[in-house]
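Here is the structure we will look at.
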Amino acid sequence: MLKRPSILSKTAVLLFLFLSVALSLEAAERHTLVMNGRSTEVLVIFVAGHPYVDLEALAKALNGSVSSSGTVVALNLPDNSSNRAQSSTAPAATPSPSSSPSEPAPATQNFSRQFLSAAIEAASTLREWHTALQTAIESGIPLSEGLLQPYRAQATTSLRLASTAANTAADRNAYQLLNNVYLNMGNLADKYIKMRASLSYIAPNSLQNDELNRRIVACGHSLGAMAASGQFSDEPSCH
């Protein structure tokens with residue numbers, strides 16, 4: 001009769017696998033990244049002939065920052081002062097007689113870096129608020145204003161920071177959609193809190209059949225796509 005492997009032997013196999021992976025990573029040849037002739041503390045590891053770096057270490061070396069929301073990772077870097085200096089010392093072009101100096105520049109749909117970072121953070125807090133509400137409903141946890149208040153407060157603060165960072169037309173348009181999600185999320189949470197207070201039955205799958213919830217989720221997906229592209233595009237579900 002075959003004996004079943006003991007728990008100890010299984011543990012030993014798993015430990016061996018973990019040690020093998022760790023040793024293979026330690027054995028990988030590491031390189032130092034040099035940017036513009038200056039050595040940095042950013043380590044480079046080659047995998048299958050391709051170089052990879054730690055994104056957070058790279059952002060630190062460039063005086064930038066890294067933020068994430070869902071499947072979107074944003075690398076925010078400061079403006080290149082050298083490029084600004086070169087552009088300021090370059091001779092000004094003489095306008096042609098047909099051009100008008102007062103003619104406004106064409107509108108852009110691109111987000112500013114400051115707003116994009118703040119908007120990703122605001123969207124993240126809104127998603128956490130929604131997740132807390134969904135978890136409470138699906139798990140049968142008694143809903144109350146106090147239970148969701150920390151998530152509401154965090155979303156309020158993040159949304160205010162996004163409003164302050166909005167500079168371009170695209171920033172302001174996207175902020176309006178974020179604000180709409182915030183208002184809809186408040187209405188959704190208040191609806192189920194009132195149902196709980198009146199002792200109304202709340203089915204675990206209530207959110208799946210809720211039209212307002214569907215709009216919030218659809219708008220959230222669209223905002224994530226905008227963040228990934230860096231450009232604004234209007235979305236009916238956000239209105």
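Residue names in the structure tokens use chain letters A, B, ... in the order shown, residue numbers from 1 in each chain, and ligand numbers from 1 in the order shown.
Every protein or nucleic acid residue with an atom no more than 12 Å from Ala165 of chain A, counting only C-alpha atoms and leaving out same-chain residues fewer than 5 positions away, appears here: Phe111, Ser112, Arg113, Gln114, Phe115, Leu116, Ser117, Ala118, Ala119, Ile120, Glu121, Ala122, Ser158, Leu159, Arg160, Ala170, Asp171, Arg172, Ala174 and Tyr175 of chain A.
Taking only C-alpha atoms into account, Cys219 of chain A lies nearest to A:Asn179 out of the set A:Asn179, A:Gln231, A:Ser206, A:Ser198.
Put simply, atom CA of Leu161 of chain A is 18.1 Å away from atom CA of Met185 of chain A.
Ranking A:Thr40, A:Asn110, A:Ala228, A:Arg152 by their shortest atom-to-atom distance to Ala166 of chain A, with only C-alpha atoms included, puts A:Asn110 first.
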**Message:** Which residues are close to Ile141 of chain A, i.e. within 12 Å by only C-alpha atoms, leaving aside same-chain residues fewer than 6 positions away? Reply as a PyMOL selection string.
**Reply:** chain A and resi 132-135+147-148+192-193+196+202-204
Create the file for the chosen residues now, containing C-alpha atoms and written as a PDB file, in the first residue's frame.
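And here's selection_16.pdb as it stands now:
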ATOM      1  CA  ALA A 132     -16.726  48.580   1.598  1.00  0.00           C
ATOM      2  CA  LEU A 133     -20.406  49.040   0.727  1.00  0.00           C
ATOM      3  CA  GLN A 134     -20.450  45.957  -1.507  1.00  0.00           C
ATOM      4  CA  THR A 135     -18.715  43.798   1.101  1.00  0.00           C
ATOM      5  CA  LEU A 147     -19.389  52.182   9.167  1.00  0.00           C
ATOM      6  CA  LEU A 148     -18.879  53.969   5.829  1.00  0.00           C
ATOM      7  CA  TYR A 192     -28.884  51.223   1.555  1.00  0.00           C
ATOM      8  CA  ILE A 193     -28.173  52.845   4.922  1.00  0.00           C
ATOM      9  CA  ARG A 196     -31.140  49.143   6.875  1.00  0.00           C
ATOM     10  CA  ILE A 202     -31.312  43.850   1.601  1.00  0.00           C
ATOM     11  CA  ALA A 203     -30.488  40.883  -0.630  1.00  0.00           C
ATOM     12  CA  PRO A 204     -26.789  39.990  -0.935  1.00  0.00           C
TER      13      PRO A 204
END
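Residue nearest Ala162 of chain A, chosen from A:Leu183, A:Ala61, A:Ala123, A:Ala227 and counting only C-alpha atoms: A:Ala123.
Computed from the coordinates, the atom CA of Cys238 of chain A to atom CA of Pro142 of chain A distance equals 28.8 Å.
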